[in-house]
Every structure is written in structure tokens, then in C-alpha cells.
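K.L.:
protein_4.pdb is reproduced below (PDB, C-alpha atoms).
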ATOM      1  CA  GLY A 144     118.451 -80.252 -15.954
ATOM      2  CA  ALA A 145     114.723 -79.807 -15.236
ATOM      3  CA  ALA A 146     115.239 -76.547 -13.379
ATOM      4  CA  ASP A 147     117.458 -75.214 -16.182
ATOM      5  CA  SER A 148     114.858 -76.075 -18.864
ATOM      6  CA  THR A 149     112.117 -74.399 -16.833
ATOM      7  CA  SER A 150     114.252 -71.287 -16.507
ATOM      8  CA  VAL A 151     114.881 -71.267 -20.235
ATOM      9  CA  MET A 152     111.129 -71.683 -20.950
ATOM     10  CA  GLN A 153     110.263 -68.834 -18.581
ATOM     11  CA  ALA A 154     112.955 -66.671 -20.087
ATOM     12  CA  ASP A 155     111.763 -67.388 -23.615
ATOM     13  CA  THR A 156     108.064 -66.858 -22.777
ATOM     14  CA  PRO A 157     106.784 -63.287 -23.236
ATOM     15  CA  PRO A 158     105.424 -61.730 -20.029
ATOM     16  CA  ALA A 159     101.925 -61.191 -21.517
ATOM     17  CA  ARG A 160     101.670 -64.866 -22.413
ATOM     18  CA  MET A 161     102.788 -65.899 -18.927
ATOM     19  CA  VAL A 162     100.004 -63.781 -17.437
ATOM     20  CA  LYS A 163      97.404 -65.457 -19.669
ATOM     21  CA  ILE A 164      98.652 -68.926 -18.716
ATOM     22  CA  GLN A 165      98.521 -68.056 -15.035
ATOM     23  CA  ASP A 166      94.999 -66.626 -15.435
ATOM     24  CA  LYS A 167      93.836 -69.866 -17.070
ATOM     25  CA  ILE A 168      95.341 -71.951 -14.272
ATOM     26  CA  THR A 169      93.714 -69.718 -11.634
ATOM     27  CA  ALA A 170      90.325 -69.807 -13.371
ATOM     28  CA  LYS A 171      90.451 -73.589 -13.690
ATOM     29  CA  SER A 172      91.336 -74.040 -10.012
ATOM     30  CA  SER A 173      88.457 -71.717  -8.955
ATOM     31  CA  ARG A 174      85.864 -73.550 -11.057
ATOM     32  CA  ARG A 175      83.912 -76.140  -9.063
ATOM     33  CA  PHE A 176      81.075 -78.440 -10.010
ATOM     34  CA  TYR A 177      78.316 -79.121  -7.511
ATOM     35  CA  VAL A 178      75.047 -80.982  -6.964
ATOM     36  CA  GLU A 179      72.137 -79.756  -4.813
ATOM     37  CA  LEU A 180      69.282 -81.711  -3.242
ATOM     38  CA  ILE A 181      66.336 -79.362  -2.680
ATOM     39  CA  GLY A 182      63.119 -79.408  -0.669
ATOM     40  CA  MET A 183      60.667 -76.527  -0.984
ATOM     41  CA  ARG A 184      57.471 -75.193   0.582
ATOM     42  CA  THR A 185      55.409 -73.140  -1.852
ATOM     43  CA  LEU A 186      52.464 -70.807  -1.278
ATOM     44  CA  SER A 187      50.734 -70.297  -4.627
ATOM     45  CA  GLY A 188      47.705 -68.358  -5.791
ATOM     46  CA  SER A 189      45.874 -67.185  -8.892
ATOM     47  CA  MET A 190      46.087 -64.242 -11.265
ATOM     48  CA  VAL A 191      42.710 -63.945 -13.013
ATOM     49  CA  GLY A 192      41.937 -62.143 -16.266
ATOM     50  CA  ILE A 193      39.762 -62.179 -19.372
ATOM     51  CA  ASP A 194      41.044 -63.633 -22.628
ATOM     52  CA  LYS A 195      41.539 -60.881 -25.218
ATOM     53  CA  ALA A 196      38.906 -62.432 -27.506
ATOM     54  CA  TYR A 197      36.252 -61.887 -24.806
ATOM     55  CA  ARG A 198      37.271 -58.521 -23.336
ATOM     56  CA  ASP A 199      34.405 -56.680 -25.039
ATOM     57  CA  SER A 200      31.839 -58.881 -23.299
ATOM     58  CA  ALA A 201      30.638 -57.268 -20.080
ATOM     59  CA  SER A 202      29.287 -60.564 -18.723
ATOM     60  CA  TYR A 203      32.766 -61.782 -17.731
ATOM     61  CA  THR A 204      33.818 -58.701 -15.762
ATOM     62  CA  PRO A 205      31.815 -59.395 -12.543
ATOM     63  CA  GLN A 206      33.104 -62.961 -12.388
ATOM     64  CA  VAL A 207      36.702 -61.907 -12.860
ATOM     65  CA  GLU A 208      36.372 -59.289 -10.112
ATOM     66  CA  GLU A 209      34.761 -61.859  -7.826
ATOM     67  CA  ARG A 210      37.538 -64.335  -8.507
ATOM     68  CA  ARG A 211      40.221 -61.729  -7.875
ATOM     69  CA  ASN A 212      38.670 -60.858  -4.527
ATOM     70  CA  GLY A 213      37.633 -64.362  -3.535
ATOM     71  CA  ASP A 214      40.326 -66.821  -4.672
ATOM     72  CA  LYS A 215      42.549 -68.145  -1.892
ATOM     73  CA  THR A 216      46.117 -69.380  -1.826
ATOM     74  CA  SER A 217      47.185 -72.980  -1.279
ATOM     75  CA  TRP A 218      50.310 -74.684   0.148
ATOM     76  CA  SER A 219      52.350 -77.441  -1.474
ATOM     77  CA  THR A 220      55.647 -79.283  -0.995
ATOM     78  CA  ASP A 221      58.094 -79.530  -3.905
ATOM     79  CA  PHE A 222      61.466 -81.206  -4.350
ATOM     80  CA  GLY A 223      64.217 -81.575  -6.915
ATOM     81  CA  ILE A 224      67.873 -81.917  -7.809
ATOM     82  CA  GLN A 225      70.177 -79.380  -9.464
ATOM     83  CA  ALA A 226      73.707 -79.434 -10.819
ATOM     84  CA  GLY A 227      75.884 -76.465 -11.596
ATOM     85  CA  ILE A 228      79.259 -74.871 -11.964
ATOM     86  CA  SER A 229      80.481 -72.392  -9.361
ATOM     87  CA  ARG A 230      82.756 -69.474 -10.156
ATOM     88  CA  PRO A 231      84.097 -66.825  -7.757
ATOM     89  CA  ARG A 232      81.326 -64.344  -8.634
ATOM     90  CA  TYR A 233      78.418 -66.519  -9.741
ATOM     91  CA  ASP A 234      76.917 -70.006 -10.123
ATOM     92  CA  LEU A 235      75.239 -71.354 -13.258
ATOM     93  CA  PHE A 236      72.813 -74.231 -12.687
ATOM     94  CA  ALA A 237      70.130 -76.460 -14.195
ATOM     95  CA  GLY A 238      68.044 -79.272 -12.786
ATOM     96  CA  VAL A 239      64.777 -81.154 -12.636
ATOM     97  CA  SER A 240      62.059 -80.840  -9.991
ATOM     98  CA  TYR A 241      58.513 -81.739  -9.053
ATOM     99  CA  ARG A 242      56.482 -78.532  -8.789
ATOM    100  CA  GLU A 243      52.896 -78.175  -7.575
ATOM    101  CA  LEU A 244      51.014 -74.891  -8.106
ATOM    102  CA  SER A 245      47.431 -74.442  -6.940
ATOM    103  CA  TYR A 246      44.728 -72.033  -5.826
ATOM    104  CA  ARG A 247      41.304 -72.317  -4.158
ATOM    105  CA  VAL A 248      38.073 -71.060  -5.722
ATOM    106  CA  TYR A 249      34.704 -70.797  -3.944
ATOM    107  CA  VAL A 250      31.917 -72.704  -5.741
ATOM    108  CA  ILE A 251      28.462 -74.117  -5.044
ATOM    109  CA  ASN A 252      26.852 -77.235  -6.393
ATOM    110  CA  THR A 253      24.195 -76.624  -9.041
ATOM    111  CA  ASN A 254      22.670 -80.067  -9.420
ATOM    112  CA  SER A 255      18.912 -80.631  -8.985
ATOM    113  CA  SER A 256      18.942 -81.111  -5.212
ATOM    114  CA  ILE A 257      20.699 -77.795  -4.666
ATOM    115  CA  MET A 258      18.417 -75.977  -7.111
ATOM    116  CA  ARG A 259      15.401 -77.194  -5.144
ATOM    117  CA  GLY A 260      16.783 -75.309  -2.165
ATOM    118  CA  THR A 261      18.585 -77.936  -0.092
ATOM    119  CA  GLY A 262      21.935 -76.554   1.028
ATOM    120  CA  THR A 263      24.872 -78.924   0.869
ATOM    121  CA  VAL A 264      28.457 -78.636   2.093
ATOM    122  CA  PHE A 265      30.927 -80.897   0.295
ATOM    123  CA  GLN A 266      33.234 -81.819   3.164
ATOM    124  CA  ASN A 267      35.023 -84.378   1.004
ATOM    125  CA  PHE A 268      34.947 -83.105  -2.537
ATOM    126  CA  ASP A 269      34.199 -85.896  -5.022
ATOM    127  CA  PHE A 270      34.970 -85.040  -8.635
ATOM    128  CA  GLU A 271      32.789 -87.913  -9.828
ATOM    129  CA  ALA A 272      29.706 -86.876  -7.853
ATOM    130  CA  THR A 273      28.632 -83.973 -10.031
ATOM    131  CA  ASP A 274      29.816 -82.218 -13.157
ATOM    132  CA  SER A 275      28.809 -78.580 -12.799
ATOM    133  CA  PHE A 276      29.400 -75.887 -10.229
ATOM    134  CA  SER A 277      28.749 -72.157 -10.241
ATOM    135  CA  LEU A 278      30.849 -69.363  -8.814
ATOM    136  CA  PHE A 279      29.444 -68.216  -5.486
ATOM    137  CA  THR A 280      29.397 -64.413  -5.233
ATOM    138  CA  GLY A 281      27.674 -63.717  -1.948
ATOM    139  CA  LYS A 282      24.889 -64.896   0.331
ATOM    140  CA  ASN A 283      22.010 -66.520  -1.560
ATOM    141  CA  SER A 284      23.306 -65.604  -5.018
ATOM    142  CA  ILE A 285      24.484 -67.609  -8.032
ATOM    143  CA  ILE A 286      26.119 -66.297 -11.201
ATOM    144  CA  ASN A 287      25.170 -67.837 -14.539
ATOM    145  CA  SER A 288      23.259 -70.746 -13.044
ATOM    146  CA  ALA A 289      20.736 -72.573 -15.187
ATOM    147  CA  SER A 290      18.050 -71.855 -12.591
ATOM    148  CA  GLY A 291      15.682 -68.889 -12.728
ATOM    149  CA  SER A 292      16.025 -67.900  -9.068
ATOM    150  CA  PRO A 293      18.585 -68.822  -6.420
ATOM    151  CA  PRO A 294      17.657 -71.246  -3.655
ATOM    152  CA  PRO A 295      16.878 -69.735  -0.249
ATOM    153  CA  GLU A 296      19.979 -71.182   1.399
ATOM    154  CA  VAL A 297      23.189 -71.960  -0.431
ATOM    155  CA  ILE A 298      26.376 -73.133   1.254
ATOM    156  CA  GLY A 299      29.496 -73.280  -0.870
ATOM    157  CA  GLN A 300      32.991 -74.615  -0.456
ATOM    158  CA  TYR A 301      36.503 -73.812  -1.521
ATOM    159  CA  VAL A 302      37.763 -76.295  -4.112
ATOM    160  CA  THR A 303      41.492 -76.563  -4.787
ATOM    161  CA  ASN A 304      42.578 -76.433  -8.411
ATOM    162  CA  ARG A 305      45.925 -78.201  -8.385
ATOM    163  CA  PHE A 306      48.482 -78.298 -11.218
ATOM    164  CA  ARG A 307      51.364 -80.782 -10.947
ATOM    165  CA  TYR A 308      54.420 -80.166 -13.116
ATOM    166  CA  ILE A 309      57.824 -81.570 -13.899
ATOM    167  CA  SER A 310      59.962 -78.459 -14.271
ATOM    168  CA  ILE A 311      63.464 -77.807 -15.595
ATOM    169  CA  PRO A 312      64.899 -74.857 -13.631
ATOM    170  CA  VAL A 313      67.762 -73.010 -15.328
ATOM    171  CA  GLY A 314      69.325 -69.986 -13.690
ATOM    172  CA  ILE A 315      72.129 -67.945 -12.212
ATOM    173  CA  ASN A 316      73.129 -67.230  -8.628
ATOM    174  CA  TYR A 317      75.153 -64.015  -8.402
ATOM    175  CA  HIS A 318      77.388 -63.841  -5.327
ATOM    176  CA  VAL A 319      76.892 -60.487  -3.613
ATOM    177  CA  LYS A 320      79.045 -60.992  -0.530
ATOM    178  CA  LYS A 321      81.198 -63.613   1.148
ATOM    179  CA  LYS A 322      81.833 -63.601   4.892
ATOM    180  CA  GLY A 323      83.621 -66.516   6.476
ATOM    181  CA  ASN A 324      81.853 -69.716   5.496
ATOM    182  CA  PHE A 325      78.766 -67.794   4.349
ATOM    183  CA  THR A 326      78.002 -66.698   0.781
ATOM    184  CA  PHE A 327      75.091 -64.326   0.095
ATOM    185  CA  GLY A 328      73.621 -64.083  -3.382
ATOM    186  CA  CYS A 329      70.742 -63.123  -5.673
ATOM    187  CA  VAL A 330      69.101 -65.842  -7.776
ATOM    188  CA  GLY A 331      67.154 -65.633 -11.027
ATOM    189  CA  THR A 332      65.496 -68.732 -12.533
ATOM    190  CA  PHE A 333      63.487 -69.639 -15.616
ATOM    191  CA  GLU A 334      61.483 -72.877 -15.367
ATOM    192  CA  PRO A 335      59.988 -74.651 -18.380
ATOM    193  CA  GLN A 336      57.106 -76.685 -16.897
ATOM    194  CA  PHE A 337      55.423 -79.828 -18.230
ATOM    195  CA  LEU A 338      52.005 -80.717 -16.815
ATOM    196  CA  ILE A 339      51.713 -84.290 -15.526
ATOM    197  CA  ARG A 340      48.381 -84.060 -13.673
ATOM    198  CA  TYR A 341      45.554 -81.645 -12.978
ATOM    199  CA  ASP A 342      42.795 -81.867 -10.330
ATOM    200  CA  GLY A 343      40.001 -79.365  -9.980
ATOM    201  CA  LEU A 344      37.317 -77.447 -11.880
ATOM    202  CA  LEU A 345      37.562 -75.354 -15.033
ATOM    203  CA  TYR A 346      35.463 -72.487 -16.341
ATOM    204  CA  GLN A 347      33.300 -73.505 -19.323
ATOM    205  CA  ASN A 348      32.630 -70.717 -21.801
ATOM    206  CA  GLU A 349      29.339 -71.981 -23.188
ATOM    207  CA  SER A 350      27.591 -72.620 -19.860
ATOM    208  CA  GLY A 351      29.313 -70.142 -17.550
ATOM    209  CA  LEU A 352      29.779 -72.948 -15.011
ATOM    210  CA  TYR A 353      32.868 -74.463 -13.434
ATOM    211  CA  VAL A 354      33.043 -78.088 -14.530
ATOM    212  CA  LYS A 355      35.366 -81.071 -14.332
ATOM    213  CA  GLU A 356      38.199 -81.057 -16.845
ATOM    214  CA  LYS A 357      37.001 -84.074 -18.827
ATOM    215  CA  SER A 358      33.537 -82.498 -19.177
ATOM    216  CA  ALA A 359      34.827 -79.139 -20.377
ATOM    217  CA  ALA A 360      35.063 -79.509 -24.133
ATOM    218  CA  GLU A 361      35.781 -75.812 -24.716
ATOM    219  CA  ASN A 362      38.268 -75.436 -21.883
ATOM    220  CA  HIS A 363      41.916 -76.143 -22.413
ATOM    221  CA  ILE A 364      44.698 -76.529 -19.893
ATOM    222  CA  ARG A 365      48.127 -75.458 -21.094
ATOM    223  CA  LYS A 366      50.270 -78.594 -21.103
ATOM    224  CA  THR A 367      53.524 -76.630 -21.032
ATOM    225  CA  ASN A 368      54.284 -73.336 -19.363
ATOM    226  CA  LEU A 369      57.182 -71.130 -18.387
ATOM    227  CA  SER A 370      57.694 -69.392 -15.066
ATOM    228  CA  PHE A 371      60.201 -66.859 -13.797
ATOM    229  CA  SER A 372      61.309 -66.416 -10.204
ATOM    230  CA  ALA A 373      63.805 -64.228  -8.354
ATOM    231  CA  GLY A 374      65.068 -64.442  -4.820
ATOM    232  CA  LEU A 375      67.915 -64.526  -2.336
ATOM    233  CA  ASP A 376      70.439 -67.225  -1.482
ATOM    234  CA  VAL A 377      72.255 -67.864   1.801
ATOM    235  CA  ASN A 378      74.856 -70.613   1.509
ATOM    236  CA  TYR A 379      76.906 -72.016   4.402
ATOM    237  CA  ARG A 380      79.921 -74.184   3.663
ATOM    238  CA  PHE A 381      80.805 -76.844   6.266
ATOM    239  CA  SER A 382      84.028 -78.069   4.664
ATOM    240  CA  GLY A 383      85.758 -78.255   1.336
ATOM    241  CA  HIS A 384      82.949 -80.301  -0.219
ATOM    242  CA  SER A 385      79.622 -79.939   1.625
ATOM    243  CA  GLY A 386      77.269 -77.171   2.655
ATOM    244  CA  VAL A 387      73.636 -76.160   3.158
ATOM    245  CA  PHE A 388      71.556 -73.308   1.791
ATOM    246  CA  LEU A 389      68.327 -71.368   2.313
ATOM    247  CA  ARG A 390      66.638 -69.738  -0.694
ATOM    248  CA  PRO A 391      63.458 -67.574  -0.440
ATOM    249  CA  SER A 392      61.968 -66.490  -3.777
ATOM    250  CA  GLY A 393      58.858 -65.260  -5.542
ATOM    251  CA  GLY A 394      57.642 -65.752  -9.086
ATOM    252  CA  LEU A 395      54.850 -66.085 -11.623
ATOM    253  CA  SER A 396      53.915 -68.037 -14.708
ATOM    254  CA  LEU A 397      54.460 -66.201 -17.975
ATOM    255  CA  PHE A 398      51.421 -67.781 -19.700
ATOM    256  CA  PRO A 399      47.892 -68.654 -18.485
ATOM    257  CA  ALA A 400      47.522 -72.150 -17.061
ATOM    258  CA  GLU A 401      43.853 -72.152 -18.139
ATOM    259  CA  LYS A 402      43.020 -70.846 -21.614
ATOM    260  CA  ALA A 403      39.240 -70.327 -21.317
ATOM    261  CA  ALA A 404      37.432 -66.968 -21.530
ATOM    262  CA  ILE A 405      38.366 -66.463 -17.876
ATOM    263  CA  ARG A 406      42.090 -67.104 -17.715
ATOM    264  CA  THR A 407      44.068 -68.124 -14.648
ATOM    265  CA  SER A 408      47.821 -67.836 -14.201
ATOM    266  CA  HIS A 409      50.046 -68.800 -11.290
ATOM    267  CA  LYS A 410      51.859 -66.634  -8.766
ATOM    268  CA  PHE A 411      53.887 -68.092  -5.920
ATOM    269  CA  LEU A 412      56.227 -67.598  -2.968
ATOM    270  CA  SER A 413      58.711 -70.352  -2.135
ATOM    271  CA  LEU A 414      61.184 -71.181   0.599
ATOM    272  CA  ALA A 415      63.757 -73.728  -0.517
ATOM    273  CA  ALA A 416      66.361 -75.440   1.634
ATOM    274  CA  GLY A 417      68.841 -78.121   0.773
ATOM    275  CA  TYR A 418      72.253 -79.740   0.760
ATOM    276  CA  ARG A 419      75.106 -78.945  -1.623
ATOM    277  CA  PHE A 420      78.013 -81.225  -2.450
ATOM    278  CA  SER A 421      80.926 -79.757  -4.413
ATOM    279  CA  PHE A 422      83.454 -81.742  -6.436
TER
END
Please render this file's structure as C-alpha cells.
P.N.:
Amino acid sequence: GAADSTSVMQADTPPARMVKIQDKITAKSSRRFYVELIGMRTLSGSMVGIDKAYRDSASYTPQVEERRNGDKTSWSTDFGIQAGISRPRYDLFAGVSYRELSYRVYVINTNSSIMRGTGTVFQNFDFEATDSFSLFTGKNSIINSASGSPPPEVIGQYVTNRFRYISIPVGINYHVKKKGNFTFGCVGTFEPQFLIRYDGLLYQNESGLYVKEKSAAENHIRKTNLSFSAGLDVNYRFSGHSGVFLRPSGGLSLFPAEKAAIRTSHKFLSLAAGYRFSF
């Protein structure tokens, strides 16, 4: 009965159609959905430039060069969750994550006590204590300060400009090689980013000082951005459903985070690790 009807169906089915049916069955069985929990350490820094509307002004060039030579990197911890579909040669994924990108800039206080010559180190930086800071460019020198001459002794401090985002990573993980329980791949990711908080100082065009965000009427922080990153993936599978991974990568923001005359964009290196569960 059943065996005879199957034989008749196979006999009546053209060979090319049988191959297509078998390919669909194989593809469906090799398709797996998965979820990843991710923790990440990120080392981020700044890319500094002059907005195109101000490139003819020579006054910005020394400050940009000083920033490029003087800005420092900063560490942060990020985390997120991703879901994807895994095929034999690649994974496609999307997710949501908390992403923090930052850099450190060297500034000095330019309030009245400093301008009278009393050096001050801000061990605990208080954003409410003063509104204006100037870029420090060397011993006993101030750029664009409101004072006629620099004080005899000036001690500055690195201030961290920190951008906190909710990001939506979307990308592909191409499987280069499989060996035992290991899978090695190359990963490319685009991340739309939505700013949720900013702490730090911004460059103010009209005064040439670095000021708090709420005091900087002419400075604008980009509320949304887009970054691209590329890296490697090492995935180890414990069993049929669970595994762990390690994912080093590097990337940059595609638009300036700060849209003043002196623009700042992000660059970063990340090391992600996490747990994968496959369905």
C-alpha cells in the first residue's frame, strides 16, 4: 500500500524535480536559528577634523593638530543580545546593545582664579563647577583664552567625553573554516546608533573654548549615527544547542559625533565574548 504509492510517486516524479525537493529538505535541515548574549570591552578614541565650512580659516588648524596629537583613548564595557539564522557558509544577525564610545581631551580651567595665575588640578571633575575650558597646548600656554597673557603656572587635566548609545547591530558572519567543534569566520557589522546620554565638554565656535553641552548654543551633538566594524569570529560548539565565541573587531563612525567647527568622530577596537544558544 504505502510503499507501493511511494514507488509510484517516485517513478512519476521527474529526476530534476526530485533533486530540487531534496535540496529544499537539505537546506531547511541545515538552517538554524540562534540567540547570542554578548559582553564587550571597547577601547575608543577620536578622529578630529575641521568642518568643511571652516576649512579656509587658519585659526582652527593648530587646534586640530593639537587634538590629533594630544587626545587619548578611553575604555568602556558594552553588552547586548543578538538573534540570527545560521547557514552552512554564513550567519545573518541583528540585535540591540548598549554601546559607550569616548575619548579624553586635555583642557585647563579658564575661570577668574586660574587667569590670576593660581594653578588648579581638577581631581574630581565637576561639570557644574565651571562652564568654560581652553585646550592646553603645552607648558604655560593657552589657545583662544579670553585673557591677554597666560598665567605663570597652568596645570591641566584630561576630561573624558563620553557618548552612550543604544545601537542596532546588523551584519553577516562568513564561515571561513570549520575544524571539529570550532568555526572560524569573518564578521562585518553596520550599527545604527541612538544617543541616550552625553557627558563631557564641547568646542564652542564663537568663543573658541570647550564648554559644557547645555552652555554651547552653537554646538550640536549628533543624536543618531552609523558605525561600521569588521573583525574575526571564533566559535566553539559544546553540544547540539550551546556554544561560546570570541570576536575581536575594529571600526569607526561614519559621521561626526560633534558637529561644531572642530568635528570629532569615533574610532574603536572591541573584544566581544559571549554565549550562543541554537534552536
K.L.:
To verify the selection step, state as a list of chain:residue names which residues the PyMOL selection byres ((chain A and resi 225) around 8) yields on this input.
P.N.:
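Those residues are A:Val178, A:Glu179, A:Leu180, A:Ile181, A:Gly223, A:Ile224, A:Ala226, A:Gly227, A:Phe236, A:Ala237, A:Gly238, A:Val239.
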K.L.:
Find the residues near Ser202 of chain A: any atom within 12 Å, counting all atoms listed in the file, skip ones fewer than 3 places away on the same chain, and give them as a ChimeraX atom specification.
P.N.:
/A:193,197-199,205-208,286-287,348,351,404-405
K.L.:
For each of A:Arg247, A:Arg184, A:His384, A:Arg230, take the minimum atom-to-atom distance to Gly213 of chain A, counting only C-alpha atoms, then give the residue where this is smallest.
P.N.:
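Among the listed residues, A:Arg247 lies closest to Gly213 of chain A.
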K.L.:
For the PyMOL selection byres ((chain A and resi 328) around 9), applied here, can you spell out every residue it catches as a PDB file with C-alpha atoms, in the frame of the given file?
P.N.:
ATOM      1  CA  TYR A 233      78.418 -66.519  -9.741  1.00  0.00           C
ATOM      2  CA  ASN A 316      73.129 -67.230  -8.628  1.00  0.00           C
ATOM      3  CA  TYR A 317      75.153 -64.015  -8.402  1.00  0.00           C
ATOM      4  CA  HIS A 318      77.388 -63.841  -5.327  1.00  0.00           C
ATOM      5  CA  VAL A 319      76.892 -60.487  -3.613  1.00  0.00           C
ATOM      6  CA  LYS A 320      79.045 -60.992  -0.530  1.00  0.00           C
ATOM      7  CA  LYS A 321      81.198 -63.613   1.148  1.00  0.00           C
ATOM      8  CA  THR A 326      78.002 -66.698   0.781  1.00  0.00           C
ATOM      9  CA  PHE A 327      75.091 -64.326   0.095  1.00  0.00           C
ATOM     10  CA  CYS A 329      70.742 -63.123  -5.673  1.00  0.00           C
ATOM     11  CA  VAL A 330      69.101 -65.842  -7.776  1.00  0.00           C
ATOM     12  CA  GLY A 374      65.068 -64.442  -4.820  1.00  0.00           C
ATOM     13  CA  LEU A 375      67.915 -64.526  -2.336  1.00  0.00           C
ATOM     14  CA  ASP A 376      70.439 -67.225  -1.482  1.00  0.00           C
ATOM     15  CA  VAL A 377      72.255 -67.864   1.801  1.00  0.00           C
ATOM     16  CA  ASN A 378      74.856 -70.613   1.509  1.00  0.00           C
TER      17      ASN A 378
END
K.L.:
Ranking A:Phe325, A:Tyr353, A:Phe371, A:Tyr301 by minimum distance to Ser396 of chain A and counting all atoms listed in the file, which one comes first?
P.N.:
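Ranked by minimum distance to Ser396 of chain A, first place goes to A:Phe371.
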K.L.:
Grab the atom CA of Arg175 of chain A to atom CA of Val313 of chain A distance for me, in Å with one decimal place.
P.N.:
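One can read the atom CA of Arg175 of chain A to atom CA of Val313 of chain A distance as 17.6 Å.
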K.L.:
Give as a PyMOL selection string the residues that the PyMOL selection byres ((chain A and resi 308) around 8) matches when applied to the coordinates above.
P.N.:
chain A and resi 241-243+306-307+309-310+336-340
